[in-house]
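In what follows, a structure is listed as structure tokens, so that the remarks can point back to it.
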Amino acid sequence: MNKQYKHTLMSMAVVAAVGASDYASAQLEEVIVTARKRTESLQDVPMAVSAFSAAQLQDAQVDGMEDLQRMTPNITLTETGGLQAGSVAVFVRGIGNDPQFAQGVGIYVDDVYMNRATGSLLEVYDVERIEVLKGPQGNLYGRNTIGGAIKYISREPTDELTGDLEVKTGEFDLLQVKGNIAGPIVGDTLLGSFGALYRERDPIQENTLDGDGFWDQDVSAYRGSLVWNATDSLRFKLSGDYNLDESTPRIPNRSGVDAGFMQQLDFFTNGANFFLAPGTGLLSSPNDASLPSDPDEVSTEQGDLLNEFEIESTTVALTIDWDISDTWSVKSITAQRNTDHVQPFDFDGSEQTFIYTVNDREFEDFSQEFQFNYTGDKLQAVMGVYYLDGSAKISGTTLQSPRLLGMMTQFKDTHLDDRDLTSQSVYANVDWDISESWQLSLGGRYTKDEKEESQTATVDQELYALALANTPFGIVPLAIAPGQEANAAASPSFVGWATPYTQAINISFPEPTYAKDDWTEFSPSARLTWFAGDDLMFYGGFSSGFKSGGFQNQSGKSDAFDPEVVDAYTLGMKTTLLDGSLRLNSEIFYNDYQDKQLATIGLVGGELEETVDNVGEMSTSGAEVEMTWLPAVDGLVVGLNVGYLDVDVKKFESAGGDIADTTAIGFSPEWTVAGRLSYEFDLADWGSLMLGTDFSYRTDSYTNSPIDLTKEAAAEAQIQDEHVIWNALAVFRSAGGNWRVAVEGKNLEDTRVITNTFDLTLFQTAGYNNPRTWAVSVGYEF
């Protein structure tokens with residue numbers, strides 16, 4: 001185990017020994033969550049839930065969703081920077097957003113499901129708390145939550161005027177401004193709130209081709225709400241948010257190259273220059289097979305194209321709460337979310353043109369949910385219906401694979417790409433207090449998903465002539481540049497033509513695709529809880545979830561694949577010790593993963609070919625512990641969480657048979673450990689000063705799925721190394737609590753690791769984590 005990590009645990013043990021002599025009367029505040037779609041204490045919920053208040057997130061330097069990775073064990077959360085910017089990849093206990101598939105961890109903002117990974121890399125502002133739910137949530141949270149759910153709960157306006165404003169500056173000329181104001185508009189009947197964030201930052205990456213910068217930030221986000229308390233029992237909330245990301249994207253960097261194949265490709269595309277006549281070769285210089293020495297040096301000739309990146313999203317939601325009686329209440333959640341996204345790709349990570357695309361995407365998602373809640377003396381129940389209508393229109397898509405295998409250049413223009421989804425479900429969950437000490441929870445959800453896709457494209461190909469040349473290696477075919485066929489044929493080494501055509505030819509053909517299918521699934525759950533004492537709870541449970549099926553669309557063909565299903569078994573304990581100063585929650589789990597959807601991507605005939613099917617079975621198992629402790633030192637807080645994860649690939653069917661033994665799954669480090677230590681003390685009449693530090697430790701893991709272990713070089717290029725990342729901050733708070741001044745530092749040792757990769761057979765591209773950064777912020781609240 002990492003030495004630095006061992007030293008950290010020893011330091012925490014020393015702190016524990018110091019505080020053990022006298023257990024102070026300081027008590028942890030109760031944590032309120034809505035994991036079961038009703039308000040209750042975290043310690044009464046029989047499942048693994050991590051919850052963080054706005055103050056905790058601020059003091060932990062959580063600025064965006066990616067930072068949540070170090071807040072709770074057995075979670076991997078990153079931008080998909082190994083291929084594209086702006087989309088989120090979340091894995092909980094080894095289950096999540098596999099590349100090329102629908103998300104497996106649901107993301108919610110005020111109970112509104114984010115149906116797209118694009119635009120779901122949310123900023124942390126105007127937030128009351130964030131909850132992370134572990135394990136399948138198919139019972140209460142519906143489709144595509146086989147790994148878990150992340151819930152953003154925004155601040156609720158009250159009849160008291162409140163507000164805050166914070167300005168932050170720092171590394172890479174960072175400028176961030178965020179604020180919120182909320183309060184009464186008409187007495188306690190009409191309330192309102194408004195929050196905003198703006199962030200700009202200079203680029204982190206430099207393009208070695210022209211010196212231009214990438215991976216900067218230009219982000220603005222706004223959220224507002226109106227609450228009408230129509231009566232004592234009827235409440236309306238109209239909310240909306242707008243997000244605009246006009247940053248230059250994070251560019252993937254090469255992490256590996258198949259040098260042997262690249263040499264063969266160079267011989268094929270450049271050989272005519274040497275063995276026939278100068279200038280007759282398809283390429284005038286060898287293909288770049290180098291790897292960057294600096295993770296922030298990128299290489300691309302597609303700078304203008306990549307600068308077209310943009311994500312713009314708007315959400316409007318209406319929530320109605322009606323307390324029908326003392327025992328019954330109804331909630332209606334109606335939401336419309338629209339997202340416009342320009343997504344350019346440069347697949348190869350080099351200055352030469354291999355493959356690039358640009359997609360202009362328009363997403364529209366409408367959802368309606370009705371919840372019915374019952375609260376009795378011994379029974380509590382929630383039931384409801386859910387409807388989702390989602391559509392995606394993708395236009396202006398171009399694919400170029402010039403000279404990829406030395407035989408052709410291909411452009412693919414997509415004129416029409418419509419993808420429609422309809423999801424309908426009914427659900428119910430009942431918690432029955434059998435006695436004062438025992439509770440039985442039973443639930444289930446029935447879901448029907450229907451998908452329809454219609455695509456029309458035109459493919460234009462330019463095929464190059466191949467000349468047979470007499471070389472020291474024998475007679476070999478060599479690619480000839482268009483217009484150089486006569487010069488090549490005049491060479492003494494020219495033997496003949498390997499192709500039936502003696503000059504480059506152009507071919508154009510349509511490529512339509514249509515597919516439609518539907519899938520149904522029932523997701524049950526059952527939990528038994530034993531309240532062994534006032535502050536001690538044990539539970540065991542079973543839950544099931546599924547991720548929707550879909551289609552493999554490639555070269556005019558469309559084949560459906562089925563949903564994948566996860567059955568989860570858990571045993572857990574939650575307790576509060578030492579007179580309320582120590583909270584300790586733990587859970588062991590086993591997930592049985594059936595009909596696993598897996599994709600393999602490679603180059604076939606100069607095109608990216610993807611093979612997708614339900615070919616796998618796997619299991620994930622492990623344990624995790626989360627602890628928060630207030631030692632007998634006033635102002636001292638200790639936090640520690642530890643996660644262990646074991647992933648076993650049981651079956652992976654392929655054309656060559658079962659390759660489970662030579663296949664690995666990514667985003668699943670065996671150990672994840674995080675610790676936090678903070679100490680706050682008074683500064684006479686000035687206020688207080690809080691000093692804090694935290695670390696996160698992760699063992700090595702693969703950064704793509706699946707990984708073919710027989711291709712050692714490609715596998716090694718897609719590994720995140722074992723590492724520890726340290727952060728620290730100092731926070732001054734004024735005596736009245738209005739002012740906050742902070743000095744922050746992230747990744748203090750400038751540890752750089754790969755977070756996400758993409759395998760294109762010839763080479764692998766990667767995205768890296770953030771370098772060391774510092775910031776100073778000044779905030780005022782009232």
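Quick note on naming: the chains in the structure tokens go A, B, ... in the order shown, residues restart at 1 in each chain, and ligands are numbered from 1 in order of appearance.
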
Quiz item: Counting only C-alpha atoms, what is within 10 Å of Ser701 (chain A), bar same-chain residues fewer than 5 positions away, as a list of chain:residue names?
Solution: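 Here the answer would be A:Ala664, A:Ile665, A:Gly666, A:Phe667, A:Ser668, A:Pro669, A:Glu670, A:Trp671, A:Gln718, A:Ile719, A:Gln720, A:Asp721, A:Glu722, A:Ile754, A:Thr755.
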
Selection to disk with N, CA and C atoms, as an mmCIF file, in the first residue's frame:
```cif
data_model
loop_
_atom_site.group_PDB
_atom_site.id
_atom_site.type_symbol
_atom_site.label_atom_id
_atom_site.label_comp_id
_atom_site.auth_asym_id
_atom_site.auth_seq_id
_atom_site.Cartn_x
_atom_site.Cartn_y
_atom_site.Cartn_z
ATOM 1 N N ALA A 664 -10.836 -7.298 -18.840
ATOM 2 C CA ALA A 664 -10.944 -6.538 -17.587
ATOM 3 C C ALA A 664 -11.949 -5.413 -17.765
ATOM 4 N N ILE A 665 -12.547 -5.003 -16.648
ATOM 5 C CA ILE A 665 -13.518 -3.916 -16.619
ATOM 6 C C ILE A 665 -12.865 -2.693 -15.986
ATOM 7 N N GLY A 666 -13.155 -1.539 -16.547
ATOM 8 C CA GLY A 666 -12.520 -0.318 -16.076
ATOM 9 C C GLY A 666 -13.288 0.411 -14.991
ATOM 10 N N PHE A 667 -12.687 1.505 -14.528
ATOM 11 C CA PHE A 667 -13.291 2.419 -13.557
ATOM 12 C C PHE A 667 -13.636 1.709 -12.249
ATOM 13 N N SER A 668 -12.793 0.750 -11.851
ATOM 14 C CA SER A 668 -13.089 -0.062 -10.670
ATOM 15 C C SER A 668 -11.834 -0.277 -9.827
ATOM 16 N N PRO A 669 -11.287 0.779 -9.202
ATOM 17 C CA PRO A 669 -10.109 0.576 -8.347
ATOM 18 C C PRO A 669 -10.443 -0.329 -7.169
ATOM 19 N N GLU A 670 -9.505 -1.165 -6.797
ATOM 20 C CA GLU A 670 -9.749 -2.109 -5.704
ATOM 21 C C GLU A 670 -9.941 -1.381 -4.372
ATOM 22 N N TRP A 671 -9.139 -0.345 -4.133
ATOM 23 C CA TRP A 671 -9.239 0.419 -2.894
ATOM 24 C C TRP A 671 -9.434 1.899 -3.211
ATOM 25 N N GLN A 718 -3.981 2.358 -20.910
ATOM 26 C CA GLN A 718 -5.298 2.729 -20.396
ATOM 27 C C GLN A 718 -5.412 2.392 -18.908
ATOM 28 N N ILE A 719 -4.359 2.708 -18.171
ATOM 29 C CA ILE A 719 -4.325 2.453 -16.734
ATOM 30 C C ILE A 719 -4.162 3.771 -15.980
ATOM 31 N N GLN A 720 -4.972 3.949 -14.970
ATOM 32 C CA GLN A 720 -4.749 5.034 -14.016
ATOM 33 C C GLN A 720 -3.884 4.468 -12.892
ATOM 34 N N ASP A 721 -2.716 5.065 -12.695
ATOM 35 C CA ASP A 721 -1.778 4.559 -11.706
ATOM 36 C C ASP A 721 -2.281 4.787 -10.285
ATOM 37 N N GLU A 722 -1.795 3.955 -9.381
ATOM 38 C CA GLU A 722 -2.051 4.171 -7.952
ATOM 39 C C GLU A 722 -1.545 5.558 -7.574
ATOM 40 N N ILE A 754 -4.115 9.527 -15.633
ATOM 41 C CA ILE A 754 -5.139 9.371 -16.663
ATOM 42 C C ILE A 754 -6.477 9.112 -15.980
ATOM 43 N N THR A 755 -7.527 9.756 -16.473
ATOM 44 C CA THR A 755 -8.856 9.551 -15.901
ATOM 45 C C THR A 755 -9.823 8.854 -16.855
#
```

Residue with the minimum atom-to-atom distance to Trp322 (chain A), picked from A:Gln43, A:Ser777, A:Thr231, A:Ser391 with only C-alpha atoms counted, is A:Thr231

Met407 (chain A) proximity check over A:Ile480, A:Leu122, A:Ala335, A:Val778, using only C-alpha atoms: winner is A:Ile480

Item checked: Expected answer as a PyMOL selection string: strand (DSSP E or B) residues in region 107-349 of chain A -> chain A and resi 107-109+112-113+118+123+127-134+148-154+162-170+174-186+190-201+205-207+213-214+217-229+234-245+253-257+281+297-298+310-323+328-346

| said: With only C-alpha atoms as the counted atoms, please give the residues lying no more than 7 Å from region 418-434 of chain A, apart from itself and same-chain residues fewer than 2 positions off, as JSON, numbers by chain. | reply: {"A": [139, 140, 378, 379, 380, 381, 382, 383, 384, 385, 386, 387, 388, 389, 390, 391, 392, 393, 394, 416, 436, 438, 439, 440, 441, 442, 443, 444, 445, 446, 447, 448, 449, 450, 451, 452, 453, 454, 455]}

One residue among A:Leu636, A:Ile505, A:Met618, A:Val776 is nearest to Phe681 (chain A) when using only C-alpha atoms, and that residue is A:Leu636

**Report entry** Near-Asn253 (chain A) list (6 Å; only C-alpha atoms; drop same-chain fewer than 5 positions) as a PyMOL selection string
**Finding:** chain A and resi 298+349+765-766

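Interatomic distance, CA of Met262 (chain A) to CA of Phe652 (chain A): 29.1 Å.
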
>> Taking 2 positions as the minimum chain separation for residues in the same chain, which residues sit within 9 Å of Tyr108 (chain A) when counting only C-alpha atoms? Answer as a PyMOL selection string.
In response: chain A and resi 106+110-114+149-153

Save the residues we just selected, C-alpha atoms, as a CSV table (one decimal), in the first residue's frame?
```csv
chain,number,residue,atom,x,y,z
A,106,GLY,CA,-29.1,8.4,-12.6
A,110,ASP,CA,-34.8,18.5,-7.7
A,111,ASP,CA,-36.3,15.2,-8.6
A,112,VAL,CA,-36.0,15.9,-12.4
A,113,TYR,CA,-34.1,13.1,-14.1
A,114,MET,CA,-31.2,14.2,-16.4
A,149,ALA,CA,-28.2,7.9,-8.2
A,150,ILE,CA,-26.8,11.4,-7.6
A,151,LYS,CA,-29.3,14.0,-6.4
A,152,TYR,CA,-28.9,17.7,-6.4
A,153,ILE,CA,-31.3,19.5,-4.1
```

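Distances from A:Thr499, A:Glu749, A:Ser437, A:Arg143 to Pro477 (chain A) were compared using only C-alpha atoms, and the smallest one belongs to A:Thr499.
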
Nearby residues (only C-alpha atoms) at most 10 Å from Glu166 (chain A), same-chain spacing under 6 positions excluded, as a ChimeraX atom specification = /A:176-180,197,739-741,777-781

Using the selection just defined, write its residues with C-alpha atoms as a PDB file, in the first residue's frame.
```pdb
ATOM      1  CA  GLN A 176     -15.365  32.931 -10.634  1.00  0.00           C
ATOM      2  CA  VAL A 177     -18.374  34.832  -9.358  1.00  0.00           C
ATOM      3  CA  LYS A 178     -21.384  33.131  -7.845  1.00  0.00           C
ATOM      4  CA  GLY A 179     -24.253  34.369  -5.750  1.00  0.00           C
ATOM      5  CA  ASN A 180     -27.767  33.734  -4.551  1.00  0.00           C
ATOM      6  CA  LEU A 197     -22.437  31.435 -11.497  1.00  0.00           C
ATOM      7  CA  TRP A 739     -17.671  37.310   5.787  1.00  0.00           C
ATOM      8  CA  ARG A 740     -15.690  34.333   4.560  1.00  0.00           C
ATOM      9  CA  VAL A 741     -12.146  34.544   3.151  1.00  0.00           C
ATOM     10  CA  SER A 777     -12.026  33.655  -2.488  1.00  0.00           C
ATOM     11  CA  VAL A 778     -13.935  36.346  -0.645  1.00  0.00           C
ATOM     12  CA  GLY A 779     -17.579  35.827   0.219  1.00  0.00           C
ATOM     13  CA  TYR A 780     -20.330  37.700   2.018  1.00  0.00           C
ATOM     14  CA  GLU A 781     -23.689  36.364   3.141  1.00  0.00           C
TER      15      GLU A 781
END
```

Query - 8 Å contact set for Leu305 (chain A), only C-alpha atoms, chain neighbours under 2 positions out, as an MDAnalysis selection string - result: chainID A and resid 302:303 307:308 344 358

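The set of residues in region 312-499 of chain A assigned to helix (DSSP H, G or I) by DSSP, using only backbone atoms of this structure, is A:Glu485, A:Ala486, A:Asn487, A:Ala488, A:Ala489.
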
Just to be explicit: take each residue in the selection above, keep C-alpha atoms, and write the result as an mmCIF file, in the first residue's frame.
```cif
data_model
loop_
_atom_site.group_PDB
_atom_site.id
_atom_site.type_symbol
_atom_site.label_atom_id
_atom_site.label_comp_id
_atom_site.auth_asym_id
_atom_site.auth_seq_id
_atom_site.Cartn_x
_atom_site.Cartn_y
_atom_site.Cartn_z
ATOM 1 C CA GLU A 485 -0.444 7.453 -61.184
ATOM 2 C CA ALA A 486 1.417 8.091 -64.491
ATOM 3 C CA ASN A 487 4.659 9.052 -62.708
ATOM 4 C CA ALA A 488 4.424 5.913 -60.604
ATOM 5 C CA ALA A 489 3.860 3.714 -63.651
#
```

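In this comparison, which uses only C-alpha atoms, the residue of A:Thr248, A:Asn704, A:Gln263, A:Thr751 approaching Glu206 (chain A) most closely is A:Thr248.
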
Counting only C-alpha atoms, the residue among A:Trp519, A:Leu291, A:Leu478, A:Glu617 that lies closest to Asp258 (chain A) is A:Leu291

- Grab the CA of Lys547 (chain A) to CA of Val33 (chain A) distance for me, in Å with one decimal place.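 Answer for the CA of Lys547 (chain A) to CA of Val33 (chain A) separation: 25.2 Å.
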
Can you tell me how far CA of Leu174 (chain A) sits from CA of Glu200 (chain A), in Å to one decimal?
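It comes out at 5.9 Å.
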